[in-house]
Amino acid sequence: IAREYHETEVSEGKNPFGIASASVYLACLKNRVNLSQSAISQVTGISGVTIRNISESIRKSVPELKDYKRKTSTNMQTDYKNKHIGTSC
């Protein structure tokens with residue numbers, strides 16, 4: 001992810017550690033690993049805002065990642081409903 005983003009002109013001037021942190025976050029989303037921006041921020045020392053902003057920039061610049069979005073409570077509710085429709089408890 002970082003390599004593909006680095007090949008774009010958009011990455012110029014961005015903090016390399018921020019790019020790495022955002023790449024880890026997006027890789028987690030892509031592979032359905034539940035790791036938050038906050039958790040990555042605590043480990044890397046890169047702010048959650050930086051991770052979020054660079055993640056958005058990567059998504060816009062790397063076509064295969066444009067559909068990967070962070071989980072919001074609405075996304076999680078929709079996922080839950082879709083997963084449990086037609087099943088009995």
# chains A, B, ... in the order shown; residues from 1 in each chain; ligands from 1
>>> residues_around(residues="Ile51 (chain A)", least_positions_apart="4", cutoff="8 Å", atoms="only C-alpha atoms", output="NGL selection string")
:A and (18-19 or 21-22 or 25 or 37 or 41 or 46-47 or 55)
>>> write_last_selection(atoms="C-alpha atoms", output="compact mmCIF listing (two decimals), in the first residue's frame")
# COMPACT_ATOMS: atom_id res chain seq x y z
CA GLY A 18 2.25 8.70 8.81
CA ILE A 19 2.13 6.90 5.47
CA SER A 21 0.74 4.02 9.91
CA ALA A 22 -2.10 4.70 7.47
CA TYR A 25 -4.62 0.73 9.10
CA GLN A 37 -6.68 4.14 14.21
CA SER A 41 -1.65 5.82 16.94
CA ILE A 46 1.40 9.26 14.89
CA SER A 47 -1.82 11.11 15.70
CA SER A 55 -5.74 7.10 4.86
>>> atom_distance(atom1="CA of Glu9 (chain A)", atom2="CA of Ser61 (chain A)")
9.2 Å
>>> atom_distance(atom1="CA of Ala20 (chain A)", atom2="CA of Ala2 (chain A)")
6.3 Å
>>> atom_distance(atom1="CA of Ser11 (chain A)", atom2="CA of Leu26 (chain A)")
15.6 Å
>>> residues_around(residues="Ser23 (chain A)", least_positions_apart="3", cutoff="12 Å", atoms="only C-alpha atoms", output="VMD selection string")
chain A and resid 1 to 6 16 to 20 26 to 30 37 40 50 to 59 62 65 68
